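The file start.cif comes next; it holds mmCIF, C-alpha atoms.
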```cif
data_query
loop_
_atom_site.label_atom_id
_atom_site.label_comp_id
_atom_site.auth_asym_id
_atom_site.auth_seq_id
_atom_site.Cartn_x
_atom_site.Cartn_y
_atom_site.Cartn_z
CA MET A 1 0.00 0.00 0.00
CA ALA A 2 1.37 3.41 -0.92
CA GLY A 3 2.09 6.20 1.47
CA LYS A 4 1.83 4.70 4.93
CA ARG A 5 4.05 5.87 7.78
CA LYS A 6 5.32 3.44 10.36
CA ILE A 7 6.77 4.75 13.65
CA ARG A 8 10.56 4.33 13.77
CA ILE A 9 12.09 4.52 17.20
CA LEU A 10 15.65 4.32 18.47
CA VAL A 11 16.13 2.54 21.79
CA ALA A 12 19.54 3.31 23.20
CA LYS A 13 21.54 2.76 26.34
CA PRO A 14 24.00 5.58 26.89
CA GLY A 15 27.04 5.34 29.11
CA LEU A 16 28.66 2.59 31.08
CA ASP A 17 25.56 1.05 32.56
CA GLY A 18 25.47 -2.65 31.63
CA HIS A 19 21.86 -3.54 32.33
CA ASP A 20 19.83 -3.88 29.18
CA ARG A 21 17.00 -6.16 30.25
CA GLY A 22 14.59 -3.24 30.61
CA ALA A 23 15.58 -1.71 27.27
CA LYS A 24 15.11 -5.07 25.54
CA ILE A 25 11.67 -5.58 27.06
CA ILE A 26 10.61 -2.11 25.99
CA ALA A 27 12.05 -2.71 22.48
CA ARG A 28 10.02 -5.85 22.22
CA GLY A 29 6.89 -4.06 23.42
CA PHE A 30 7.40 -1.47 20.68
CA ARG A 31 7.87 -4.19 18.08
CA ASP A 32 4.62 -5.83 19.17
CA ALA A 33 2.90 -2.46 18.80
CA GLY A 34 3.99 -2.44 15.14
CA PHE A 35 6.90 0.01 15.43
CA GLU A 36 10.28 -0.39 13.77
CA VAL A 37 12.77 -0.38 16.61
CA ILE A 38 16.42 0.36 16.01
CA TYR A 39 18.32 -1.15 18.89
CA THR A 40 21.95 -0.13 19.23
CA GLY A 41 23.06 -2.14 22.24
CA LEU A 42 25.01 -1.25 25.34
CA HIS A 43 27.61 1.41 26.12
CA GLN A 44 26.64 4.00 23.55
CA SER A 45 28.12 7.47 23.61
CA PRO A 46 25.73 10.40 23.04
CA GLU A 47 27.55 10.99 19.72
CA GLN A 48 26.82 7.44 18.56
CA ILE A 49 23.19 7.74 19.59
CA VAL A 50 22.64 11.01 17.76
CA GLU A 51 24.39 9.82 14.59
CA ALA A 52 22.32 6.62 14.59
CA ALA A 53 19.11 8.63 15.08
CA ILE A 54 19.92 10.85 12.09
CA GLN A 55 21.09 8.05 9.79
CA GLU A 56 18.01 6.00 10.65
CA ASP A 57 15.55 8.93 10.41
CA VAL A 58 13.74 7.95 13.60
CA ASP A 59 10.66 9.72 14.92
CA VAL A 60 11.79 9.55 18.53
CA ILE A 61 14.69 8.43 20.73
CA GLY A 62 14.13 6.42 23.91
CA LEU A 63 17.05 6.46 26.36
CA SER A 64 17.41 3.97 29.18
CA SER A 65 19.60 4.67 32.18
CA LEU A 66 19.98 2.66 35.35
CA ALA A 67 23.37 3.83 36.54
CA GLY A 68 22.80 7.39 37.69
CA ALA A 69 24.47 9.31 34.86
CA HIS A 70 21.17 10.33 33.26
CA ASN A 71 21.48 14.05 34.04
CA HIS A 72 24.67 14.39 32.05
CA LEU A 73 23.99 11.85 29.29
CA PHE A 74 20.40 12.80 28.48
CA ARG A 75 21.32 16.48 28.25
CA GLU A 76 24.33 15.67 26.09
CA VAL A 77 22.06 13.86 23.62
CA LEU A 78 19.80 16.93 23.48
CA ARG A 79 22.78 19.24 22.99
CA LEU A 80 24.21 17.16 20.13
CA LEU A 81 20.84 16.90 18.41
CA LYS A 82 20.70 20.68 18.44
CA GLU A 83 24.27 20.97 17.20
CA LYS A 84 23.41 18.71 14.25
CA GLY A 85 20.21 20.60 13.46
CA ALA A 86 18.11 17.62 14.47
CA GLU A 87 16.43 19.02 17.58
CA ASP A 88 13.08 18.19 16.00
CA ILE A 89 13.68 14.55 17.01
CA PRO A 90 12.03 14.19 20.44
CA VAL A 91 13.71 12.30 23.29
CA PHE A 92 12.18 10.45 26.21
CA GLY A 93 13.87 8.51 28.97
CA GLY A 94 13.35 5.70 31.40
CA GLY A 95 15.08 3.91 34.23
CA ILE A 96 16.16 4.65 37.75
CA ILE A 97 15.78 8.40 37.84
CA PRO A 98 15.17 10.23 41.15
CA ASP A 99 11.92 12.20 41.36
CA GLU A 100 13.74 15.47 41.93
CA ASP A 101 15.62 15.15 38.61
CA ILE A 102 12.49 14.66 36.51
CA PRO A 103 11.15 18.25 36.37
CA LYS A 104 14.63 19.57 35.56
CA LEU A 105 15.16 17.08 32.73
CA LYS A 106 11.73 17.89 31.33
CA ALA A 107 12.45 21.61 31.54
CA ASP A 108 15.61 21.01 29.52
CA GLY A 109 13.69 19.25 26.77
CA ILE A 110 13.28 15.57 27.65
CA LEU A 111 9.68 14.95 26.65
CA GLU A 112 8.81 12.33 29.26
CA ILE A 113 10.45 10.15 31.91
CA PHE A 114 9.26 6.68 32.86
CA THR A 115 10.31 5.26 36.21
CA PRO A 116 10.47 1.62 37.42
CA GLY A 117 7.08 -0.05 37.61
CA THR A 118 5.73 1.58 34.46
CA LYS A 119 3.85 -0.93 32.32
CA VAL A 120 5.20 -1.54 28.82
CA GLU A 121 1.74 -0.91 27.36
CA ASP A 122 1.62 2.50 29.04
CA VAL A 123 4.87 3.51 27.36
CA VAL A 124 3.55 2.22 24.02
CA LYS A 125 0.34 4.19 24.51
CA TRP A 126 2.31 7.32 25.34
CA VAL A 127 4.35 6.97 22.13
CA GLU A 128 1.23 6.41 20.04
CA GLU A 129 -0.41 9.49 21.50
CA ASN A 130 2.56 11.83 21.49
CA ILE A 131 4.82 10.89 18.60
CA HIS A 132 3.64 11.73 15.14
CA PRO A 133 5.77 10.83 12.12
CA ARG A 134 6.14 13.76 9.73
CA GLY A 135 3.67 14.03 6.86
CA MET B 1 12.10 21.73 -0.59
CA ASN B 2 11.55 20.94 -4.26
CA PRO B 3 12.80 17.65 -5.74
CA LYS B 4 15.77 19.33 -7.41
CA GLU B 5 17.01 21.02 -4.22
CA TRP B 6 16.46 17.83 -2.26
CA ALA B 7 18.51 15.85 -4.77
CA GLU B 8 21.26 18.48 -4.76
CA LYS B 9 21.59 18.25 -0.98
CA ILE B 10 21.92 14.48 -1.22
CA ILE B 11 24.54 14.71 -3.95
CA GLU B 12 26.50 17.10 -1.71
CA GLY B 13 26.43 14.34 0.92
CA ASP B 14 23.84 15.79 3.34
CA VAL B 15 23.08 12.85 5.66
CA ARG B 16 19.77 14.20 6.96
CA ALA B 17 18.40 14.90 3.48
CA ALA B 18 19.44 11.41 2.37
CA SER B 19 18.08 9.61 5.40
CA ARG B 20 14.74 11.40 5.08
CA LEU B 21 14.42 10.39 1.45
CA MET B 22 15.24 6.79 2.43
CA ARG B 23 12.39 6.91 4.91
CA ASP B 24 10.02 8.25 2.28
CA ILE B 25 11.12 5.50 -0.11
CA ASP B 26 10.42 2.91 2.57
CA ASP B 27 7.05 4.46 3.39
CA ARG B 28 6.32 4.72 -0.34
CA MET B 29 5.48 8.38 -0.43
CA PRO B 30 4.19 9.53 -3.81
CA TRP B 31 6.76 12.34 -4.27
CA VAL B 32 9.74 9.99 -4.10
CA SER B 33 9.89 9.28 -7.82
CA ASP B 34 10.41 12.99 -8.62
CA VAL B 35 13.50 13.09 -6.41
CA MET B 36 14.75 9.75 -7.75
CA LYS B 37 14.53 11.10 -11.29
CA GLU B 38 16.91 13.90 -10.28
CA LEU B 39 19.27 11.48 -8.52
CA TYR B 40 19.33 8.83 -11.21
CA PRO B 41 21.97 10.47 -13.45
CA HIS B 42 24.30 10.55 -10.41
CA THR B 43 24.09 6.83 -9.74
CA GLY B 44 25.84 3.77 -11.12
CA ARG B 45 29.24 4.43 -9.61
CA ALA B 46 29.12 2.61 -6.26
CA TYR B 47 30.19 -1.01 -5.96
CA ILE B 48 27.62 -3.10 -4.11
CA ILE B 49 28.69 -6.13 -2.10
CA GLY B 50 25.93 -8.47 -0.88
CA VAL B 51 26.33 -10.45 2.32
CA THR B 52 23.89 -13.27 2.88
CA GLY B 53 23.54 -16.43 4.95
CA SER B 54 21.56 -18.03 7.77
CA PRO B 55 20.87 -16.18 11.04
CA GLY B 56 23.81 -16.24 13.43
CA VAL B 57 26.58 -17.06 10.96
CA GLY B 58 28.24 -13.71 11.60
CA LYS B 59 27.09 -11.50 8.73
CA SER B 60 27.04 -8.29 10.75
CA THR B 61 30.41 -8.96 12.36
CA LEU B 62 31.89 -9.66 8.94
CA VAL B 63 30.41 -6.45 7.58
CA ASP B 64 31.94 -4.61 10.53
CA SER B 65 35.41 -5.97 9.68
CA LEU B 66 34.98 -5.14 6.00
CA ILE B 67 34.03 -1.54 6.85
CA GLU B 68 37.30 -1.23 8.73
CA VAL B 69 39.43 -2.55 5.86
CA PHE B 70 37.71 -0.47 3.17
CA ARG B 71 37.90 2.69 5.31
CA LYS B 72 41.66 2.15 5.69
CA LYS B 73 41.87 2.02 1.92
CA GLY B 74 40.22 5.43 1.87
CA HIS B 75 36.80 4.44 0.51
CA SER B 76 33.60 5.99 1.76
CA ILE B 77 31.12 3.35 2.80
CA GLY B 78 27.38 2.84 2.80
CA VAL B 79 25.85 -0.03 4.72
CA VAL B 80 22.30 -1.33 4.34
CA VAL B 81 21.24 -3.97 6.85
CA ILE B 82 17.94 -5.79 6.73
CA ASP B 83 16.02 -7.54 9.49
CA PRO B 84 12.62 -9.24 9.37
CA THR B 85 9.26 -7.59 9.95
CA SER B 86 6.88 -9.50 12.20
CA PRO B 87 4.11 -10.91 10.02
CA PHE B 88 1.70 -10.56 12.94
CA THR B 89 2.25 -7.04 14.21
CA GLY B 90 4.13 -5.35 11.36
CA GLY B 91 6.79 -4.32 13.86
CA ALA B 92 10.50 -5.12 13.73
CA ILE B 93 13.60 -5.03 15.85
CA LEU B 94 16.51 -3.83 13.78
CA GLY B 95 19.57 -4.87 15.70
CA ASP B 96 22.35 -5.27 13.16
CA ARG B 97 23.84 -1.87 13.98
CA ILE B 98 24.92 -3.22 17.36
CA ARG B 99 27.95 -4.88 15.81
CA MET B 100 28.90 -1.87 13.71
CA GLN B 101 28.26 0.99 16.11
CA ARG B 102 31.98 1.73 16.47
CA HIS B 103 31.80 3.14 12.93
CA SER B 104 28.69 5.24 13.49
CA THR B 105 30.55 8.45 14.31
CA ASP B 106 32.86 8.08 11.30
CA SER B 107 31.50 10.57 8.76
CA GLY B 108 32.71 8.28 5.98
CA VAL B 109 30.27 5.56 7.01
CA PHE B 110 26.48 5.71 6.64
CA ILE B 111 24.55 2.78 8.12
CA ARG B 112 20.86 2.29 7.46
CA SER B 113 18.66 -0.46 8.93
CA LEU B 114 15.62 -1.65 7.02
CA ALA B 115 12.78 -4.03 7.82
CA THR B 116 11.57 -6.49 5.18
CA ARG B 117 7.98 -5.18 5.43
CA GLY B 118 6.52 -8.30 3.88
CA SER B 119 9.10 -8.94 1.13
CA MET B 120 10.15 -12.56 0.89
CA GLY B 121 13.40 -12.55 -1.07
CA GLY B 122 15.79 -11.48 1.71
CA LEU B 123 15.64 -7.76 0.86
CA SER B 124 12.98 -5.09 1.33
CA ARG B 125 11.03 -3.65 -1.59
CA SER B 126 12.82 -0.33 -1.01
CA THR B 127 16.36 -1.71 -1.08
CA SER B 128 17.37 -0.87 -4.67
CA ASP B 129 16.25 2.74 -4.37
CA ILE B 130 17.91 3.17 -1.00
CA LEU B 131 21.17 1.83 -2.46
CA ARG B 132 20.76 4.40 -5.23
CA VAL B 133 20.51 7.22 -2.71
CA MET B 134 23.79 6.09 -1.11
CA ASP B 135 25.31 5.80 -4.56
CA ALA B 136 24.26 9.36 -5.42
CA MET B 137 25.76 10.56 -2.11
CA GLY B 138 29.10 9.37 -3.44
CA LYS B 139 29.62 6.20 -1.42
CA ASP B 140 32.36 4.15 -3.11
CA ILE B 141 31.34 0.83 -1.65
CA ILE B 142 27.99 -0.27 -0.30
CA LEU B 143 27.71 -3.35 1.88
CA LEU B 144 24.28 -4.92 1.70
CA GLU B 145 23.43 -7.39 4.45
CA THR B 146 20.30 -9.42 3.79
CA VAL B 147 17.93 -10.70 6.39
CA GLY B 148 19.14 -14.03 7.83
CA VAL B 149 18.04 -16.31 5.04
CA GLY B 150 17.26 -19.96 4.65
CA GLN B 151 17.66 -21.63 1.31
CA ASP B 152 15.74 -19.69 -1.28
CA GLU B 153 16.11 -15.97 -0.61
CA VAL B 154 18.19 -15.04 -3.60
CA ASP B 155 17.12 -11.50 -4.53
CA VAL B 156 20.51 -10.20 -3.46
CA VAL B 157 22.16 -11.70 -6.53
CA ASN B 158 20.28 -9.31 -8.83
CA THR B 159 21.08 -6.31 -6.65
CA ALA B 160 24.69 -6.74 -5.51
CA HIS B 161 27.68 -6.78 -7.86
CA THR B 162 29.46 -9.36 -5.73
CA SER B 163 27.40 -11.81 -3.65
CA MET B 164 28.98 -13.54 -0.69
CA ILE B 165 27.40 -16.49 1.07
CA ILE B 166 28.43 -16.79 4.69
CA MET B 167 28.36 -20.24 6.26
CA ILE B 168 29.66 -21.86 9.41
CA PRO B 169 30.90 -25.39 10.04
CA GLY B 170 28.67 -27.86 11.79
CA LEU B 171 25.28 -27.05 10.32
CA GLY B 172 23.71 -29.86 8.35
CA ASP B 173 25.24 -32.65 6.34
CA ASP B 174 26.77 -32.60 2.90
CA ILE B 175 23.43 -33.02 1.15
CA GLN B 176 22.70 -29.39 2.12
CA ALA B 177 25.51 -28.38 -0.15
CA ILE B 178 24.06 -29.97 -3.25
CA LYS B 179 20.56 -28.59 -2.96
CA ALA B 180 19.43 -25.81 -5.25
CA GLY B 181 18.93 -22.20 -4.24
CA ILE B 182 21.26 -20.10 -2.19
CA LEU B 183 24.33 -22.22 -2.88
CA GLU B 184 24.08 -21.51 -6.58
CA ILE B 185 24.30 -17.75 -6.25
CA GLY B 186 27.57 -17.19 -4.41
CA ASP B 187 30.46 -15.44 -6.11
CA ILE B 188 32.39 -15.97 -2.91
CA PHE B 189 31.73 -18.54 -0.20
CA VAL B 190 32.88 -17.54 3.26
CA ILE B 191 33.34 -20.17 5.94
CA ASN B 192 33.15 -18.03 9.05
CA LYS B 193 33.92 -19.18 12.60
CA CYS B 194 36.53 -21.35 10.88
CA GLU B 195 38.22 -22.18 14.19
CA ARG B 196 35.37 -24.63 14.73
CA GLU B 197 35.63 -28.28 13.99
CA GLY B 198 34.56 -29.26 10.50
CA ALA B 199 35.80 -26.16 8.63
CA GLU B 200 38.17 -28.17 6.44
CA ARG B 201 35.52 -30.71 5.62
CA MET B 202 33.07 -27.97 4.79
CA GLU B 203 35.58 -26.38 2.46
CA ARG B 204 36.04 -29.69 0.63
CA GLU B 205 32.29 -30.17 0.35
CA ILE B 206 31.73 -26.74 -1.16
CA MET B 207 34.65 -27.27 -3.51
CA MET B 208 33.20 -30.58 -4.59
CA MET B 209 29.78 -29.08 -5.13
CA LEU B 210 31.30 -26.36 -7.27
CA GLU B 211 33.34 -28.82 -9.32
CA LEU B 212 30.46 -31.22 -9.84
CA GLY B 213 27.92 -28.57 -10.73
CA ALA B 214 27.43 -27.10 -14.17
CA LYS B 215 29.94 -24.36 -14.95
CA ARG B 216 28.56 -20.88 -14.45
CA LYS B 217 27.43 -19.19 -17.63
CA ASP B 218 29.52 -16.09 -16.97
CA GLY B 219 32.66 -18.20 -16.50
CA TRP B 220 33.42 -17.09 -12.93
CA VAL B 221 34.77 -19.79 -10.64
CA PRO B 222 33.50 -19.02 -7.10
CA LYS B 223 36.11 -18.49 -4.42
CA ILE B 224 36.10 -20.04 -0.97
CA VAL B 225 37.56 -18.04 1.91
CA LYS B 226 37.85 -19.07 5.56
CA THR B 227 37.45 -16.33 8.16
CA GLU B 228 37.13 -15.76 11.88
CA ALA B 229 35.48 -12.35 11.61
CA ILE B 230 35.39 -11.58 15.31
CA LYS B 231 39.22 -11.70 15.39
CA GLY B 232 39.66 -10.19 11.94
CA LYS B 233 41.22 -13.42 10.61
CA GLY B 234 40.95 -14.07 6.88
CA ILE B 235 39.51 -10.63 6.15
CA LYS B 236 42.51 -9.63 4.05
CA GLU B 237 42.04 -12.74 1.89
CA LEU B 238 38.33 -12.01 1.66
CA VAL B 239 38.95 -8.48 0.42
CA GLU B 240 41.37 -9.86 -2.19
CA ALA B 241 38.70 -12.28 -3.39
CA ILE B 242 36.17 -9.43 -3.60
CA GLU B 243 38.61 -7.32 -5.60
CA GLU B 244 39.34 -10.18 -7.95
CA HIS B 245 35.64 -10.65 -8.59
CA ARG B 246 35.21 -6.93 -9.05
CA THR B 247 37.83 -6.88 -11.79
CA PHE B 248 36.00 -9.72 -13.48
CA ARG B 249 32.65 -7.99 -13.08
CA GLU B 250 33.79 -4.64 -14.47
CA ASP B 251 34.18 -6.22 -17.88
CA PRO B 252 31.65 -4.29 -20.04
CA GLU B 253 29.97 -7.44 -21.29
CA HIS B 254 29.42 -8.82 -17.77
CA LYS B 255 28.28 -5.43 -16.57
CA ARG B 256 25.66 -5.15 -19.28
CA LYS B 257 24.33 -8.66 -18.63
CA PHE B 258 23.93 -7.88 -14.93
CA LEU B 259 22.10 -4.65 -15.66
CA GLN B 260 19.83 -6.32 -18.19
CA LYS B 261 18.64 -8.75 -15.57
CA ALA B 262 18.53 -6.34 -12.63
CA LEU B 263 16.70 -3.56 -14.44
CA ARG B 264 14.25 -5.94 -16.03
CA ILE B 265 13.20 -7.09 -12.56
CA GLU B 266 13.06 -3.55 -11.22
CA LEU B 267 11.08 -2.23 -14.16
CA LEU B 268 8.52 -5.01 -13.83
CA ASN B 269 8.27 -4.44 -10.06
CA ASN B 270 7.77 -0.72 -10.54
CA LEU B 271 5.08 -1.33 -13.10
CA LYS B 272 3.32 -3.82 -10.83
CA ASP B 273 3.35 -1.29 -7.99
CA GLN B 274 2.04 1.51 -10.13
CA ILE B 275 -0.67 -0.67 -11.60
CA SER B 276 -1.78 -1.93 -8.14
CA ASN B 277 -1.95 1.64 -6.92
CA ARG B 278 -4.03 2.66 -9.92
CA VAL B 279 -6.30 -0.33 -9.41
CA LEU B 280 -6.86 0.65 -5.78
CA GLU B 281 -7.68 4.18 -6.86
CA VAL B 282 -10.16 2.94 -9.44
CA ILE B 283 -12.01 0.56 -7.12
CA GLY B 284 -12.00 2.95 -4.16
CA HIS B 285 -9.04 1.90 -1.96
CA GLU B 286 -9.52 -0.38 1.07
CA GLU B 287 -13.28 0.02 1.11
CA GLY B 288 -13.68 -0.92 -2.53
CA LEU B 289 -11.30 -3.82 -2.11
CA THR B 290 -13.28 -5.18 0.86
CA GLN B 291 -16.47 -4.82 -1.13
CA ALA B 292 -15.00 -6.73 -4.06
CA VAL B 293 -13.76 -9.49 -1.73
CA ASN B 294 -17.20 -9.74 -0.13
CA GLU B 295 -18.83 -10.13 -3.53
CA ILE B 296 -16.59 -13.12 -4.14
CA ILE B 297 -17.20 -14.64 -0.70
CA ASP B 298 -20.96 -14.25 -1.10
CA GLY B 299 -20.82 -16.02 -4.43
CA LYS B 300 -22.06 -13.05 -6.47
CA LYS B 301 -18.95 -13.13 -8.65
CA ASP B 302 -16.13 -15.58 -9.08
CA LEU B 303 -12.53 -14.47 -8.53
CA TYR B 304 -11.68 -14.49 -12.22
CA THR B 305 -14.69 -12.55 -13.47
CA LYS B 306 -14.16 -9.95 -10.74
CA SER B 307 -10.48 -9.49 -11.70
CA GLU B 308 -11.45 -8.98 -15.34
CA GLU B 309 -14.14 -6.49 -14.38
CA ILE B 310 -11.71 -4.40 -12.35
CA LEU B 311 -9.12 -4.45 -15.14
CA LYS B 312 -11.73 -3.26 -17.61
CA GLN B 313 -12.56 -0.41 -15.24
CA LEU B 314 -8.89 0.54 -15.16
CA LEU B 315 -8.48 0.59 -18.90
CA CYS B 316 -11.50 2.68 -19.81
#
```

Using the file provided, produce a representation of the structure as structure tokens.
Amino acid sequence: MAGKRKIRILVAKPGLDGHDRGAKIIARGFRDAGFEVIYTGLHQSPEQIVEAAIQEDVDVIGLSSLAGAHNHLFREVLRLLKEKGAEDIPVFGGGIIPDEDIPKLKADGILEIFTPGTKVEDVVKWVEENIHPRG
Amino acid sequence: MNPKEWAEKIIEGDVRAASRLMRDIDDRMPWVSDVMKELYPHTGRAYIIGVTGSPGVGKSTLVDSLIEVFRKKGHSIGVVVIDPTSPFTGGAILGDRIRMQRHSTDSGVFIRSLATRGSMGGLSRSTSDILRVMDAMGKDIILLETVGVGQDEVDVVNTAHTSMIIMIPGLGDDIQAIKAGILEIGDIFVINKCEREGAERMEREIMMMLELGAKRKDGWVPKIVKTEAIKGKGIKELVEAIEEHRTFREDPEHKRKFLQKALRIELLNNLKDQISNRVLEVIGHEEGLTQAVNEIIDGKKDLYTKSEEILKQLLC
């Protein structure tokens, strides 16, 4: 069928954190929702994430962080997107992120943060409602 | 952005402009053909190397090693990697980049992941056009990794200039090597993970299959190379084999024969697509299609009469 958009989403794990179970479960949830998920694996630098997002023309980037470096890494991804003229690609995050960090990250441009206990289907629903591929 | 400006950006090497067009090709947006027309005169220069084989044989790791060698030689590289779309949900996990991510910040390397989106031949419907975009960007070499294939997914041979079949020792007996299909299409056979037991035997079996089989019409005698991609072993020999085949392939007569076959397939596919789209327009898209199907289910029309009716509608 001609002219049908499919959501493309990059799931990435920035930094040194070696726990990817959560990211893999989310990636699978996205696949089951009919999205195309680009999964780049562990230990990604913000540069690698941003380049992959641009080369893959994704509609959104999902970052997972469980090791406490989210404040630096998430902001670095936003900064590099801007530097590359790709700040139109939205970014959301998930993982172990203290409540007090959430409003600050959102103020800096992270669209949403999901904390432990969030259901996969709720994240999927959020993406479906908030991410719109370009026309 | 008009098609001409868009194409110009791509020819200048603008990654964002190129990656957006690739998306629109994949999503089959109607304006794509206008941009492709502008790009077409700038294509035909890149050398396309196909990498195919069963899941888990090490295709992505091998591609990663090849990127490294070709970059050292000063070539700019495009990589197209394909993973399967779920037939149930339409979703896909595209995970081949994982093994190549060390190259993702190298501006001389452009990696694009594609999902098969229902295509059965090991490639996606969009693959040829996406390769063309990379070609127009000025990539010297494009590595094309197919979905992990079984025995009959041979589309790559009409798309890539050199096709490599990756195998590993210890899968199946020697009868696998004399079956038809994928084993007939390799210009180069790579026995990866060659540190494993059975590599020598496998090499002999492939050699025997090649000697027993009918000679290839183009006269090329396929090469066999043993590698251990994860350690970079055998990659130098593999690149030599690729270059040898490239020299053979650049012969004008061979080149023309390849194009005759490849473009014939592409032209027919394009026509089929355009005709199906026109048909859907004529009968009223999804709704009309459902109505037509219901007529057949309810026994009002048979399948053949209904097809003829729709075709008549299209032609008048």

**Request:** Write out as JSON, numbers by chain each polymer residue whose atoms come within 10 Å of B:Ser107, counting only C-alpha atoms; drop sequence neighbours fewer than 4 positions from it.
**Result:** {"A": [51], "B": [15, 76, 77, 103]}

**Expected selection from the PyMOL selection byres ((chain B and resi 233-243) around 8), given as a VMD selection string** = chain B and resid 65 to 66 69 162 188 190 223 225 to 232 244 to 247

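For the pair atom CA of B:Asp106 and atom CA of B:Asp27, the separation is 27.2 Å.
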
**Item:** Proximal residues of chain A relative to chain B (all atoms listed in the file; 12 Å) as JSON, numbers by chain
**Value:** {"A": [1, 2, 3, 4, 5, 6, 7, 8, 9, 10, 11, 12, 13, 24, 25, 26, 27, 28, 29, 30, 31, 32, 33, 34, 35, 36, 37, 38, 39, 40, 41, 42, 43, 44, 45, 46, 47, 48, 49, 50, 51, 52, 53, 54, 55, 56, 57, 58, 59, 81, 84, 85, 86, 88, 89, 133, 134, 135]}

Going by the chain IDs and residue numbers used in this file, which residues fall under the PyMOL selection byres ((chain B and resi 79) around 6)? Write them as a short mmCIF file (atom, residue, chain, number, x, y, z; two decimals) with C-alpha atoms, in the frame of the given file.
```cif
data_model
loop_
_atom_site.label_atom_id
_atom_site.label_comp_id
_atom_site.auth_asym_id
_atom_site.auth_seq_id
_atom_site.Cartn_x
_atom_site.Cartn_y
_atom_site.Cartn_z
CA GLY B 78 27.38 2.84 2.80
CA VAL B 80 22.30 -1.33 4.34
CA ILE B 111 24.55 2.78 8.12
CA ILE B 142 27.99 -0.27 -0.30
CA LEU B 143 27.71 -3.35 1.88
CA LEU B 144 24.28 -4.92 1.70
#
```

**Asked** What separation in Å, quoted to one decimal, exists between atom CA of B:Met207 and atom CA of B:Val154?
**Response** 20.5 Å

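Using all atoms listed in the file, the shortest contact distance between B:Glu197 and any of B:Gly170, B:Asp129, B:Val157, B:Glu184 is found at B:Gly170.
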
**Radius query 12 Å about (25.5, 17.7, -3.5), atoms used: all atoms listed in the file, as a list in words** =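 Here is the list of nearby residues: Lys4, Glu5, Trp6, Ala7, Glu8, Lys9, Ile10, Ile11, Glu12, Gly13, Asp14, Val15, Ala17, Ala18, Glu38, Leu39, His42, Val133, Met134, Asp135, Ala136, Met137 and Gly138 of chain B.
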
**Message:** Please enumerate the residues selected by the PyMOL selection byres ((chain B and resi 189) around 9) when evaluated against the supplied file, formatted as a list in words.
**Reply:**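 For this structure, the PyMOL selection byres ((chain B and resi 189) around 9) captures Ser163, Met164, Ile165, Ile166, Met167, Leu183, Gly186, Asp187, Ile188, Val190, Ile191, Ile206, Pro222, Lys223, Ile224, Val225 and Lys226 of chain B.
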
Contact residues around B:Glu250 with all atoms listed in the file at 12 Å, ignoring same-chain residues under 6 positions, as a short mmCIF file (atom, residue, chain, number, x, y, z; two decimals) with C-alpha atoms, in the coordinates of the input:
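So out_32.cif came out as:
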```cif
data_model
loop_
_atom_site.label_atom_id
_atom_site.label_comp_id
_atom_site.auth_asym_id
_atom_site.auth_seq_id
_atom_site.Cartn_x
_atom_site.Cartn_y
_atom_site.Cartn_z
CA ARG B 45 29.24 4.43 -9.61
CA ALA B 46 29.12 2.61 -6.26
CA TYR B 47 30.19 -1.01 -5.96
CA HIS B 161 27.68 -6.78 -7.86
CA THR B 162 29.46 -9.36 -5.73
CA GLU B 243 38.61 -7.32 -5.60
CA GLU B 244 39.34 -10.18 -7.95
CA ARG B 256 25.66 -5.15 -19.28
CA LYS B 257 24.33 -8.66 -18.63
CA PHE B 258 23.93 -7.88 -14.93
CA LEU B 259 22.10 -4.65 -15.66
#
```

**Asked** Mind pulling up the distance from atom CA of B:Asp155 to atom CA of B:Met209?
**Response** 21.7 Å
